[in-house]
file start_24.cif (mmCIF, C-alpha atoms and all ligand atoms)
data_start
#
loop_
_atom_site.group_PDB
_atom_site.id
_atom_site.type_symbol
_atom_site.label_atom_id
_atom_site.label_comp_id
_atom_site.auth_asym_id
_atom_site.auth_seq_id
_atom_site.Cartn_x
_atom_site.Cartn_y
_atom_site.Cartn_z
ATOM 1 C CA MET W 1 215.414 71.951 109.267
ATOM 2 C CA ALA W 2 215.073 72.033 105.523
ATOM 3 C CA LYS W 3 214.756 75.371 103.820
ATOM 4 C CA ILE W 4 212.648 73.935 101.045
ATOM 5 C CA LYS W 5 209.823 71.538 101.791
ATOM 6 C CA LYS W 6 207.529 69.356 99.790
ATOM 7 C CA GLY W 7 204.617 71.440 98.531
ATOM 8 C CA ASP W 8 206.598 74.661 98.270
ATOM 9 C CA THR W 9 206.533 76.546 95.004
ATOM 10 C CA VAL W 10 210.032 77.224 93.760
ATOM 11 C CA GLU W 11 211.664 78.690 90.694
ATOM 12 C CA VAL W 12 214.775 77.323 89.064
ATOM 13 C CA ILE W 13 217.381 80.077 89.001
ATOM 14 C CA THR W 14 220.222 78.474 87.126
ATOM 15 C CA GLY W 15 220.976 75.970 84.411
ATOM 16 C CA GLU W 16 218.992 74.668 81.487
ATOM 17 C CA HIS W 17 215.633 74.995 83.221
ATOM 18 C CA LYS W 18 216.144 78.500 84.540
ATOM 19 C CA GLY W 19 212.846 80.308 85.025
ATOM 20 C CA VAL W 20 210.739 77.188 85.429
ATOM 21 C CA LYS W 21 208.333 77.410 88.319
ATOM 22 C CA GLY W 22 206.883 74.371 89.986
ATOM 23 C CA VAL W 23 205.773 72.685 93.138
ATOM 24 C CA VAL W 24 208.273 70.587 95.027
ATOM 25 C CA GLN W 25 207.245 66.940 94.792
ATOM 26 C CA ARG W 26 209.994 65.336 96.755
ATOM 27 C CA VAL W 27 212.940 66.427 98.865
ATOM 28 C CA ASP W 28 216.040 64.417 99.549
ATOM 29 C CA THR W 29 217.553 66.135 102.543
ATOM 30 C CA LYS W 30 220.682 63.984 102.500
ATOM 31 C CA SER W 31 221.790 64.907 99.010
ATOM 32 C CA GLU W 32 220.011 68.289 99.161
ATOM 33 C CA ARG W 33 218.244 67.579 95.918
ATOM 34 C CA LEU W 34 214.625 67.998 95.099
ATOM 35 C CA VAL W 35 212.129 67.075 92.445
ATOM 36 C CA VAL W 36 210.155 69.999 91.058
ATOM 37 C CA ALA W 37 207.040 69.401 88.966
ATOM 38 C CA GLY W 38 207.701 70.376 85.368
ATOM 39 C CA ALA W 39 211.376 71.175 85.880
ATOM 40 C CA ASN W 40 214.362 69.206 84.709
ATOM 41 C CA ILE W 41 212.374 66.782 82.633
ATOM 42 C CA VAL W 42 214.599 64.115 81.213
ATOM 43 C CA LYS W 43 213.743 61.611 78.546
ATOM 44 C CA LYS W 44 214.604 58.008 78.867
ATOM 45 C CA HIS W 45 214.389 55.443 76.166
ATOM 46 C CA GLN W 46 212.347 52.489 77.194
ATOM 47 C CA LYS W 47 213.139 49.103 75.785
ATOM 48 C CA PRO W 48 210.216 46.965 74.711
ATOM 49 C CA VAL W 49 209.079 44.797 77.578
ATOM 50 C CA GLN W 50 207.649 41.375 77.180
ATOM 51 C CA ALA W 51 204.466 41.393 79.202
ATOM 52 C CA GLY W 52 202.144 38.411 78.969
ATOM 53 C CA ARG W 53 200.617 38.032 75.531
ATOM 54 C CA GLY W 54 201.216 41.587 74.554
ATOM 55 C CA LYS W 55 204.364 43.506 74.077
ATOM 56 C CA THR W 56 204.609 47.047 75.348
ATOM 57 C CA GLN W 57 205.806 49.565 72.860
ATOM 58 C CA ALA W 58 209.309 50.817 72.961
ATOM 59 C CA GLY W 59 209.235 54.479 73.537
ATOM 60 C CA ILE W 60 210.430 57.444 75.399
ATOM 61 C CA ILE W 61 209.347 58.087 78.927
ATOM 62 C CA GLU W 62 209.705 61.464 80.505
ATOM 63 C CA PHE W 63 210.249 62.090 84.150
ATOM 64 C CA GLU W 64 211.431 64.837 86.414
ATOM 65 C CA ALA W 65 214.976 64.365 87.607
ATOM 66 C CA PRO W 66 216.068 65.778 90.941
ATOM 67 C CA ILE W 67 217.895 69.086 90.914
ATOM 68 C CA SER W 68 220.166 70.614 93.486
ATOM 69 C CA ALA W 69 218.367 72.618 96.139
ATOM 70 C CA SER W 70 220.903 75.384 95.578
ATOM 71 C CA ASN W 71 219.561 75.836 92.032
ATOM 72 C CA VAL W 72 216.133 76.976 93.169
ATOM 73 C CA LEU W 73 214.653 79.834 95.115
ATOM 74 C CA LEU W 74 211.427 79.738 97.037
ATOM 75 C CA VAL W 75 208.488 81.682 95.683
ATOM 76 C CA CYS W 76 207.180 83.323 98.830
ATOM 77 C CA PRO W 77 203.489 82.511 99.307
ATOM 78 C CA LYS W 78 202.980 85.897 100.960
ATOM 79 C CA CYS W 79 204.794 88.416 98.779
ATOM 80 C CA ASN W 80 205.193 86.247 95.662
ATOM 81 C CA ALA W 81 208.861 87.202 95.360
ATOM 82 C CA LEU W 82 211.730 84.866 94.753
ATOM 83 C CA THR W 83 213.480 84.679 98.055
ATOM 84 C CA ARG W 84 216.006 82.890 100.124
ATOM 85 C CA VAL W 85 214.641 81.337 103.253
ATOM 86 C CA GLY W 86 215.710 82.530 106.653
ATOM 87 C CA PHE W 87 214.892 81.223 110.068
ATOM 88 C CA ARG W 88 213.480 82.868 113.129
ATOM 89 C CA ILE W 89 214.101 81.141 116.422
ATOM 90 C CA ASP W 90 211.598 81.784 119.171
ATOM 91 C CA ALA W 91 212.490 82.030 122.832
ATOM 92 C CA ASP W 92 211.368 78.442 123.254
ATOM 93 C CA GLY W 93 213.759 77.304 120.534
ATOM 94 C CA HIS W 94 211.076 76.751 117.917
ATOM 95 C CA LYS W 95 212.370 77.425 114.431
ATOM 96 C CA THR W 96 210.135 79.098 111.871
ATOM 97 C CA ARG W 97 210.962 79.702 108.230
ATOM 98 C CA VAL W 98 210.767 83.333 107.189
ATOM 99 C CA CYS W 99 210.860 85.094 103.846
ATOM 100 C CA LYS W 100 213.950 87.284 103.665
ATOM 101 C CA LYS W 101 212.094 89.738 101.426
ATOM 102 C CA CYS W 102 208.908 90.422 103.372
ATOM 103 C CA GLN W 103 209.868 88.780 106.692
ATOM 104 C CA SER W 104 206.613 86.808 106.743
ATOM 105 C CA ASP W 105 206.501 83.438 108.394
ATOM 106 C CA ILE W 106 206.330 80.567 105.943
ATOM 107 C CA GLU W 107 204.581 77.436 107.102
HETATM 108 ZN ZN ZN Z 1 207.784 87.177 101.199
#
call {"tool": "encode", "arguments": {"input": "start_24.cif", "output": "structure tokens", "more": "lines below"}}
Ligand SMILES: [Zn+2]
result
Amino acid sequence: MAKIKKGDTVEVITGEHKGVKGVVQRVDTKSERLVVAGANIVKKHQKPVQAGRGKTQAGIIEFEAPISASNVLLVCPKCNALTRVGFRIDADGHKTRVCKKCQSDIE
């Protein structure tokens, strides 16, 4: 079970984009990388593309590049603190994410 899910609010805790808060847009569980809105924006130069009669302008496109899941902490929706995610396992084996700061369940 992933600690960070799509839709979570996280804060970048290390690197160039330290302190940036954003909502997780995409999670790649295999590589443990995630895309956070507004964080790790990279610029890419776009070559002019021949499209029909017109020609699109060459320019710079910006997009959010994935960052390592280990570089972010969850912003707990209950206590608003930056926290690591723990797990609580019920008697029936059901795993629930919990905030390690306030011990609240996180959906
Ligand atoms: Zn909490």
call {"tool": "residues_near_ligand", "arguments": {"input": "start_24.cif", "ligand": "ligand ZN 1 (chain Z)", "cutoff": "9 Å", "atoms": "all atoms listed in the file", "output": "ChimeraX atom specification"}}
result
/W:75-83,98-106
call {"tool": "residues_around", "arguments": {"input": "start_24.cif", "residues": "stretch 61-73 of chain W", "least_positions_apart": "5", "cutoff": "6 Å", "atoms": "all atoms listed in the file", "output": "PDB file with C-alpha atoms, in the coordinates of the input"}}
result
ATOM      1  CA  VAL W  10     210.032  77.224  93.760  1.00  0.00           C
ATOM      2  CA  GLU W  11     211.664  78.690  90.694  1.00  0.00           C
ATOM      3  CA  VAL W  12     214.775  77.323  89.064  1.00  0.00           C
ATOM      4  CA  ILE W  13     217.381  80.077  89.001  1.00  0.00           C
ATOM      5  CA  THR W  14     220.222  78.474  87.126  1.00  0.00           C
ATOM      6  CA  GLU W  32     220.011  68.289  99.161  1.00  0.00           C
ATOM      7  CA  ARG W  33     218.244  67.579  95.918  1.00  0.00           C
ATOM      8  CA  LEU W  34     214.625  67.998  95.099  1.00  0.00           C
ATOM      9  CA  VAL W  35     212.129  67.075  92.445  1.00  0.00           C
ATOM     10  CA  ASN W  40     214.362  69.206  84.709  1.00  0.00           C
ATOM     11  CA  ILE W  41     212.374  66.782  82.633  1.00  0.00           C
ATOM     12  CA  VAL W  42     214.599  64.115  81.213  1.00  0.00           C
ATOM     13  CA  LYS W  43     213.743  61.611  78.546  1.00  0.00           C
ATOM     14  CA  LYS W  44     214.604  58.008  78.867  1.00  0.00           C
ATOM     15  CA  LEU W  82     211.730  84.866  94.753  1.00  0.00           C
ATOM     16  CA  THR W  83     213.480  84.679  98.055  1.00  0.00           C
TER      17      THR W  83
END
call {"tool": "atom_distance", "arguments": {"input": "start_24.cif", "atom1": "atom CA of W:Lys6", "atom2": "atom CA of W:Arg88"}}
result
19.9 Å
call {"tool": "resolve_selection", "arguments": {"input": "start_24.cif", "expression": "the PyMOL selection byres (((chain W and resi 47) around 6) and not hetatm)", "output": "CSV table (one decimal) with C-alpha atoms, in the coordinates of the input"}}
result
chain,number,residue,atom,x,y,z
W,46,GLN,CA,212.3,52.5,77.2
W,48,PRO,CA,210.2,47.0,74.7
W,58,ALA,CA,209.3,50.8,73.0
call {"tool": "closest_residue", "arguments": {"input": "start_24.cif", "among": "W:Gly59, W:Ala37, W:Met1, W:Thr96", "to": "W:Gln25", "atoms": "all atoms listed in the file"}}
result
W:Ala37
call {"tool": "atom_distance", "arguments": {"input": "start_24.cif", "atom1": "atom CA of W:Val23", "atom2": "atom CA of W:Ile89"}}
result
26.1 Å
call {"tool": "closest_residue", "arguments": {"input": "start_24.cif", "among": "W:His45, W:Ala2, W:Lys18, W:Arg84", "to": "W:Ser31", "atoms": "only C-alpha atoms"}}
result
W:Ala2
call {"tool": "atom_distance", "arguments": {"input": "start_24.cif", "atom1": "atom CA of W:Val36", "atom2": "atom CA of W:Lys5"}}
result
10.8 Å
call {"tool": "closest_residue", "arguments": {"input": "start_24.cif", "among": "W:Ile60, W:Leu74, W:Gly7, W:Glu107", "to": "W:Val20", "atoms": "all atoms listed in the file"}}
result
W:Leu74
call {"tool": "decode", "arguments": {"input": "start_24.cif", "residues": "stretch 57-69 of chain W", "atoms": "all heavy atoms", "output": "short mmCIF file (atom, residue, chain, number, x, y, z; two decimals), in the first residue's frame"}}
result
data_model
loop_
_atom_site.label_atom_id
_atom_site.label_comp_id
_atom_site.auth_asym_id
_atom_site.auth_seq_id
_atom_site.Cartn_x
_atom_site.Cartn_y
_atom_site.Cartn_z
N GLN W 57 4.61 28.21 -32.82
CA GLN W 57 5.77 28.96 -32.36
C GLN W 57 6.72 28.06 -31.57
O GLN W 57 6.29 27.22 -30.81
CB GLN W 57 5.28 30.08 -31.45
CG GLN W 57 4.55 31.15 -32.19
CD GLN W 57 5.39 32.41 -32.33
OE1 GLN W 57 5.91 32.92 -31.35
NE2 GLN W 57 5.54 32.88 -33.53
N ALA W 58 7.98 28.31 -31.79
CA ALA W 58 8.96 27.67 -30.93
C ALA W 58 8.85 28.34 -29.58
O ALA W 58 8.56 29.52 -29.49
CB ALA W 58 10.35 27.85 -31.50
N GLY W 59 9.05 27.59 -28.56
CA GLY W 59 8.91 28.24 -27.26
C GLY W 59 9.36 27.33 -26.15
O GLY W 59 9.98 26.29 -26.39
N ILE W 60 9.00 27.73 -24.99
CA ILE W 60 9.39 26.96 -23.83
C ILE W 60 8.12 26.43 -23.18
O ILE W 60 7.19 27.19 -22.92
CB ILE W 60 10.19 27.83 -22.84
CG1 ILE W 60 11.49 28.30 -23.51
CG2 ILE W 60 10.47 27.08 -21.55
CD1 ILE W 60 12.19 29.40 -22.75
N ILE W 61 8.05 25.15 -22.99
CA ILE W 61 6.91 24.62 -22.27
C ILE W 61 7.38 24.22 -20.86
O ILE W 61 8.50 23.80 -20.66
CB ILE W 61 6.24 23.43 -23.00
CG1 ILE W 61 7.26 22.34 -23.36
CG2 ILE W 61 5.51 23.90 -24.23
CD1 ILE W 61 6.62 21.05 -23.82
N GLU W 62 6.46 24.40 -19.94
CA GLU W 62 6.79 24.06 -18.57
C GLU W 62 5.92 22.90 -18.13
O GLU W 62 4.74 22.85 -18.45
CB GLU W 62 6.51 25.26 -17.65
CG GLU W 62 7.42 26.43 -17.92
CD GLU W 62 7.22 27.55 -16.90
OE1 GLU W 62 6.24 27.49 -16.15
OE2 GLU W 62 8.04 28.47 -16.89
N PHE W 63 6.52 21.98 -17.44
CA PHE W 63 5.72 20.89 -16.90
C PHE W 63 6.34 20.41 -15.59
O PHE W 63 7.50 20.68 -15.30
CB PHE W 63 5.57 19.76 -17.91
CG PHE W 63 6.88 19.08 -18.27
CD1 PHE W 63 7.24 17.89 -17.66
CD2 PHE W 63 7.71 19.64 -19.22
CE1 PHE W 63 8.45 17.28 -17.98
CE2 PHE W 63 8.92 19.03 -19.55
CZ PHE W 63 9.29 17.85 -18.93
N GLU W 64 5.51 19.72 -14.83
CA GLU W 64 5.98 19.22 -13.55
C GLU W 64 6.63 17.85 -13.75
O GLU W 64 6.00 16.94 -14.26
CB GLU W 64 4.81 19.09 -12.57
CG GLU W 64 4.37 20.43 -12.04
CD GLU W 64 2.91 20.73 -12.31
OE1 GLU W 64 2.28 20.00 -13.07
OE2 GLU W 64 2.41 21.72 -11.75
N ALA W 65 7.88 17.76 -13.35
CA ALA W 65 8.59 16.49 -13.46
C ALA W 65 8.39 15.69 -12.17
O ALA W 65 8.24 16.27 -11.10
CB ALA W 65 10.07 16.75 -13.70
N PRO W 66 8.39 14.39 -12.29
CA PRO W 66 8.20 13.57 -11.09
C PRO W 66 9.37 13.75 -10.11
O PRO W 66 10.50 13.97 -10.52
CB PRO W 66 8.18 12.13 -11.62
CG PRO W 66 8.08 12.21 -13.09
CD PRO W 66 8.56 13.57 -13.50
N ILE W 67 9.06 13.66 -8.84
CA ILE W 67 10.10 13.71 -7.82
C ILE W 67 10.00 12.46 -6.97
O ILE W 67 8.97 11.80 -6.93
CB ILE W 67 10.00 14.97 -6.93
CG1 ILE W 67 8.59 15.12 -6.35
CG2 ILE W 67 10.38 16.21 -7.71
CD1 ILE W 67 8.46 16.32 -5.43
N SER W 68 11.08 12.15 -6.32
CA SER W 68 11.11 10.94 -5.49
C SER W 68 10.16 11.09 -4.31
O SER W 68 10.11 12.13 -3.67
CB SER W 68 12.53 10.70 -5.00
OG SER W 68 12.54 9.68 -4.04
N ALA W 69 9.44 10.02 -4.04
CA ALA W 69 8.48 10.05 -2.93
C ALA W 69 9.20 10.29 -1.60
O ALA W 69 8.59 10.80 -0.65
CB ALA W 69 7.70 8.73 -2.87
#
